[in-house]
Amino acid sequence: MECLRAAYTEVWSAPQNVPLAATFADRARSIAATGLDLVEATGPSGPLLEILRSFDSIVSWYGANRPQFREAVAVLSLPFRFFTALPPLGCKIHAADYYLDQARSLAPCAHDGIPRIACPPADGGFAVIHPFAASPKKRWPLACFRELARRLERHMPVAWCAGPEDELPGARRFEDLYELACWLTAARIYIGNDSGPTHLAAAVGSPVVALFGPSDPAVWAPRGPRVSIASAPAIGAVSVEQVAGLARQLLEQPRP
């Protein structure tokens with residue numbers, strides 16, 4: 001996103017991403033609030049069309065898999081440039097580099113491909129465990145996370161983190177992803193599956209152990225100065241001892 005920054009930049013996204021986008025953009029809006037999600041069915045409203053025509057360039061991942069949406073905006077001669085939202089199957093480069101290549105097709109950019117989110121410094125002295133992921137195949141068994149938590153609790157408090165729909169009594173939940181990111185900044189160690197919060201934890205600079213099963217960590221692993229990966233083709237084959245060992249190594253490193 002930094003590579004696409006202009007003199008004035010807006011980011012339109014899913015509602016939960018708006019506070020995070022607002023830390024980067026001059027203005028952030030939810031797609032639903034603008035009515036952009038209705039363009040395929042009803043066409044753009046007058047106010048929406050006026051806003052869209054005010055931009056010199058519109059870079060969109062939203063419309064990549066929506067041919068009717070692309071046709072609707074093409075008829076209106078709006079300045080859209082569409083990019084594929086996900087790397088194709090068999091892609092051999094990291095997703096961050098894939099998106100950087102897209103951005104560099106529009107403007108030169110010397111970014112190193114490591115996502116960063118700025119939050120106020122904090123040290124809460126606790127570990128964070130996020131045991132969920134979008135696909136069940138990406139989820140390390142909850143029993144393994146619980147055993148890991150018991151080991152960590154000998155040294156520090158353990159906080160569990162979950163999404164709004166995840167079933168985990170007592171877990172911390174955040175609707176605002178920037179608030180979540182800044183809470184993760186305070187963690188001494190974060191451990192989680194291949195999921196959004198895991199990437200947030202890495203982006204704020206927290207020590208991260210990320211667990212991977214069927215998805216390829218060479219493409220999808222979080223990037224950061226203190227990220228370790230535990231992976232196996234079937235995620236259940238990753239042992240508690242392996243994850244605990246990676247966490248111990250990260251905890252022994254001095255925190256910048």
# chains A, B, ... in the order shown; residues from 1 in each chain; ligands from 1
call {"tool": "select_by_dssp", "arguments": {"residues": "range 38-96 of chain A", "states": "alpha helix (DSSP H)", "output": "ChimeraX atom specification"}}
result
/A:39-42,46-53,67-75,95-96
call {"tool": "residues_around", "arguments": {"residues": "range 6-15 of chain A", "least_positions_apart": "4", "cutoff": "6 Å", "atoms": "only C-alpha atoms", "output": "list in words"}}
result
Ala25, Asp26, Arg27, Ala28, Arg29, Ser30 and Ile31 of chain A
call {"tool": "residues_around", "arguments": {"residues": "Ala202 in chain A", "least_positions_apart": "4", "cutoff": "10 Å", "atoms": "only C-alpha atoms", "output": "MDAnalysis selection string"}}
result
chainID A and resid 114:117 181 184:185 190 197:198 206:210 221:227
call {"tool": "write_last_selection", "arguments": {"atoms": "N, CA, C and O atoms", "output": "PDB file, in the first residue's frame"}}
result
ATOM      1  N   ILE A 114       8.460  -6.351   3.772  1.00  0.00           N
ATOM      2  CA  ILE A 114       8.101  -6.730   5.141  1.00  0.00           C
ATOM      3  C   ILE A 114       6.996  -5.787   5.618  1.00  0.00           C
ATOM      4  O   ILE A 114       7.237  -4.589   5.787  1.00  0.00           O
ATOM      5  N   PRO A 115       5.784  -6.296   5.825  1.00  0.00           N
ATOM      6  CA  PRO A 115       4.696  -5.422   6.297  1.00  0.00           C
ATOM      7  C   PRO A 115       5.007  -4.880   7.688  1.00  0.00           C
ATOM      8  O   PRO A 115       5.536  -5.589   8.557  1.00  0.00           O
ATOM      9  N   ARG A 116       4.656  -3.633   7.912  1.00  0.00           N
ATOM     10  CA  ARG A 116       4.877  -2.991   9.213  1.00  0.00           C
ATOM     11  C   ARG A 116       3.660  -2.163   9.595  1.00  0.00           C
ATOM     12  O   ARG A 116       3.109  -1.452   8.753  1.00  0.00           O
ATOM     13  N   ILE A 117       3.284  -2.272  10.845  1.00  0.00           N
ATOM     14  CA  ILE A 117       2.192  -1.469  11.393  1.00  0.00           C
ATOM     15  C   ILE A 117       2.732  -0.736  12.608  1.00  0.00           C
ATOM     16  O   ILE A 117       3.270  -1.361  13.532  1.00  0.00           O
ATOM     17  N   ALA A 181      -4.067  -5.013  16.747  1.00  0.00           N
ATOM     18  CA  ALA A 181      -2.645  -4.942  16.417  1.00  0.00           C
ATOM     19  C   ALA A 181      -1.857  -4.305  17.550  1.00  0.00           C
ATOM     20  O   ALA A 181      -0.779  -4.802  17.938  1.00  0.00           O
ATOM     21  N   LEU A 184      -1.464  -6.593  20.458  1.00  0.00           N
ATOM     22  CA  LEU A 184      -0.452  -7.609  20.175  1.00  0.00           C
ATOM     23  C   LEU A 184       0.965  -7.066  20.329  1.00  0.00           C
ATOM     24  O   LEU A 184       1.901  -7.827  20.597  1.00  0.00           O
ATOM     25  N   THR A 185       1.144  -5.763  20.179  1.00  0.00           N
ATOM     26  CA  THR A 185       2.456  -5.152  20.363  1.00  0.00           C
ATOM     27  C   THR A 185       3.022  -5.452  21.746  1.00  0.00           C
ATOM     28  O   THR A 185       4.236  -5.580  21.928  1.00  0.00           O
ATOM     29  N   TYR A 190       3.819 -14.425  20.631  1.00  0.00           N
ATOM     30  CA  TYR A 190       2.523 -14.728  20.031  1.00  0.00           C
ATOM     31  C   TYR A 190       2.649 -16.072  19.329  1.00  0.00           C
ATOM     32  O   TYR A 190       3.631 -16.328  18.610  1.00  0.00           O
ATOM     33  N   PRO A 197      -4.642 -12.511  12.434  1.00  0.00           N
ATOM     34  CA  PRO A 197      -3.954 -12.021  13.636  1.00  0.00           C
ATOM     35  C   PRO A 197      -2.478 -12.391  13.688  1.00  0.00           C
ATOM     36  O   PRO A 197      -1.663 -11.636  14.223  1.00  0.00           O
ATOM     37  N   THR A 198      -2.118 -13.544  13.136  1.00  0.00           N
ATOM     38  CA  THR A 198      -0.711 -13.943  13.122  1.00  0.00           C
ATOM     39  C   THR A 198       0.106 -12.967  12.286  1.00  0.00           C
ATOM     40  O   THR A 198       1.213 -12.569  12.671  1.00  0.00           O
ATOM     41  N   SER A 206       6.078  -8.134  17.127  1.00  0.00           N
ATOM     42  CA  SER A 206       6.093  -9.078  18.235  1.00  0.00           C
ATOM     43  C   SER A 206       6.760 -10.385  17.809  1.00  0.00           C
ATOM     44  O   SER A 206       6.682 -10.777  16.644  1.00  0.00           O
ATOM     45  N   PRO A 207       7.399 -11.096  18.740  1.00  0.00           N
ATOM     46  CA  PRO A 207       7.924 -12.423  18.410  1.00  0.00           C
ATOM     47  C   PRO A 207       6.775 -13.371  18.085  1.00  0.00           C
ATOM     48  O   PRO A 207       5.798 -13.443  18.845  1.00  0.00           O
ATOM     49  N   VAL A 208       6.876 -14.085  16.980  1.00  0.00           N
ATOM     50  CA  VAL A 208       5.767 -14.899  16.479  1.00  0.00           C
ATOM     51  C   VAL A 208       6.232 -16.312  16.169  1.00  0.00           C
ATOM     52  O   VAL A 208       7.252 -16.500  15.493  1.00  0.00           O
ATOM     53  N   VAL A 209       5.469 -17.282  16.660  1.00  0.00           N
ATOM     54  CA  VAL A 209       5.578 -18.650  16.161  1.00  0.00           C
ATOM     55  C   VAL A 209       4.307 -18.929  15.381  1.00  0.00           C
ATOM     56  O   VAL A 209       3.207 -18.907  15.944  1.00  0.00           O
ATOM     57  N   ALA A 210       4.448 -19.150  14.080  1.00  0.00           N
ATOM     58  CA  ALA A 210       3.302 -19.379  13.204  1.00  0.00           C
ATOM     59  C   ALA A 210       3.268 -20.845  12.797  1.00  0.00           C
ATOM     60  O   ALA A 210       4.291 -21.409  12.396  1.00  0.00           O
ATOM     61  N   ALA A 221       3.726 -17.364   4.778  1.00  0.00           N
ATOM     62  CA  ALA A 221       4.215 -17.127   6.143  1.00  0.00           C
ATOM     63  C   ALA A 221       4.294 -15.641   6.446  1.00  0.00           C
ATOM     64  O   ALA A 221       4.616 -14.835   5.566  1.00  0.00           O
ATOM     65  N   PRO A 222       3.999 -15.248   7.692  1.00  0.00           N
ATOM     66  CA  PRO A 222       4.204 -13.845   8.058  1.00  0.00           C
ATOM     67  C   PRO A 222       5.686 -13.498   7.984  1.00  0.00           C
ATOM     68  O   PRO A 222       6.551 -14.357   8.204  1.00  0.00           O
ATOM     69  N   ARG A 223       5.964 -12.252   7.664  1.00  0.00           N
ATOM     70  CA  ARG A 223       7.339 -11.781   7.597  1.00  0.00           C
ATOM     71  C   ARG A 223       7.609 -10.828   8.756  1.00  0.00           C
ATOM     72  O   ARG A 223       6.750 -10.052   9.146  1.00  0.00           O
ATOM     73  N   GLY A 224       8.814 -10.895   9.255  1.00  0.00           N
ATOM     74  CA  GLY A 224       9.191 -10.001  10.329  1.00  0.00           C
ATOM     75  C   GLY A 224      10.536 -10.408  10.884  1.00  0.00           C
ATOM     76  O   GLY A 224      11.040 -11.506  10.592  1.00  0.00           O
ATOM     77  N   PRO A 225      11.133  -9.546  11.698  1.00  0.00           N
ATOM     78  CA  PRO A 225      12.476  -9.825  12.215  1.00  0.00           C
ATOM     79  C   PRO A 225      12.515 -10.959  13.220  1.00  0.00           C
ATOM     80  O   PRO A 225      13.576 -11.550  13.458  1.00  0.00           O
ATOM     81  N   ARG A 226      11.358 -11.276  13.829  1.00  0.00           N
ATOM     82  CA  ARG A 226      11.337 -12.323  14.857  1.00  0.00           C
ATOM     83  C   ARG A 226      10.158 -13.254  14.620  1.00  0.00           C
ATOM     84  O   ARG A 226       9.225 -13.321  15.415  1.00  0.00           O
ATOM     85  N   VAL A 227      10.218 -13.958  13.505  1.00  0.00           N
ATOM     86  CA  VAL A 227       9.162 -14.904  13.131  1.00  0.00           C
ATOM     87  C   VAL A 227       9.771 -16.282  12.937  1.00  0.00           C
ATOM     88  O   VAL A 227      10.766 -16.435  12.225  1.00  0.00           O
TER      89      VAL A 227
END
call {"tool": "atom_distance", "arguments": {"atom1": "CA of Pro19 in chain A", "atom2": "CA of Tyr178 in chain A"}}
result
5.8 Å
call {"tool": "residues_around", "arguments": {"residues": "range 133-138 of chain A", "least_positions_apart": "5", "cutoff": "10 Å", "atoms": "only C-alpha atoms", "output": "JSON, numbers by chain"}}
result
{"A": [162, 163, 166, 192, 193, 194, 195, 196, 197, 198, 211, 212, 213, 214, 215, 233, 234, 235, 236]}
call {"tool": "write_last_selection", "arguments": {"atoms": "C-alpha atoms", "output": "PDB file, in the first residue's frame"}}
result
ATOM      1  CA  ALA A 162     -10.445 -15.180  19.265  1.00  0.00           C
ATOM      2  CA  GLY A 163     -12.625 -13.733  16.548  1.00  0.00           C
ATOM      3  CA  ASP A 166     -15.054 -18.260  17.525  1.00  0.00           C
ATOM      4  CA  GLY A 192      -1.058 -18.915  16.255  1.00  0.00           C
ATOM      5  CA  ASN A 193      -2.102 -20.615  13.047  1.00  0.00           C
ATOM      6  CA  ASP A 194      -1.970 -19.244   9.513  1.00  0.00           C
ATOM      7  CA  SER A 195      -4.465 -16.428  10.117  1.00  0.00           C
ATOM      8  CA  GLY A 196      -4.905 -12.664   9.981  1.00  0.00           C
ATOM      9  CA  PRO A 197      -3.954 -12.021  13.636  1.00  0.00           C
ATOM     10  CA  THR A 198      -0.711 -13.943  13.122  1.00  0.00           C
ATOM     11  CA  LEU A 211       1.918 -22.868  12.595  1.00  0.00           C
ATOM     12  CA  PHE A 212       1.363 -24.059   9.043  1.00  0.00           C
ATOM     13  CA  GLY A 213      -0.257 -27.164   7.595  1.00  0.00           C
ATOM     14  CA  PRO A 214      -1.518 -27.387   3.996  1.00  0.00           C
ATOM     15  CA  SER A 215      -0.750 -23.798   2.979  1.00  0.00           C
ATOM     16  CA  PRO A 233       1.725 -31.200   5.581  1.00  0.00           C
ATOM     17  CA  ALA A 234      -0.869 -32.180   8.208  1.00  0.00           C
ATOM     18  CA  ILE A 235      -0.767 -29.531  10.899  1.00  0.00           C
ATOM     19  CA  GLY A 236      -1.587 -32.028  13.621  1.00  0.00           C
TER      20      GLY A 236
END
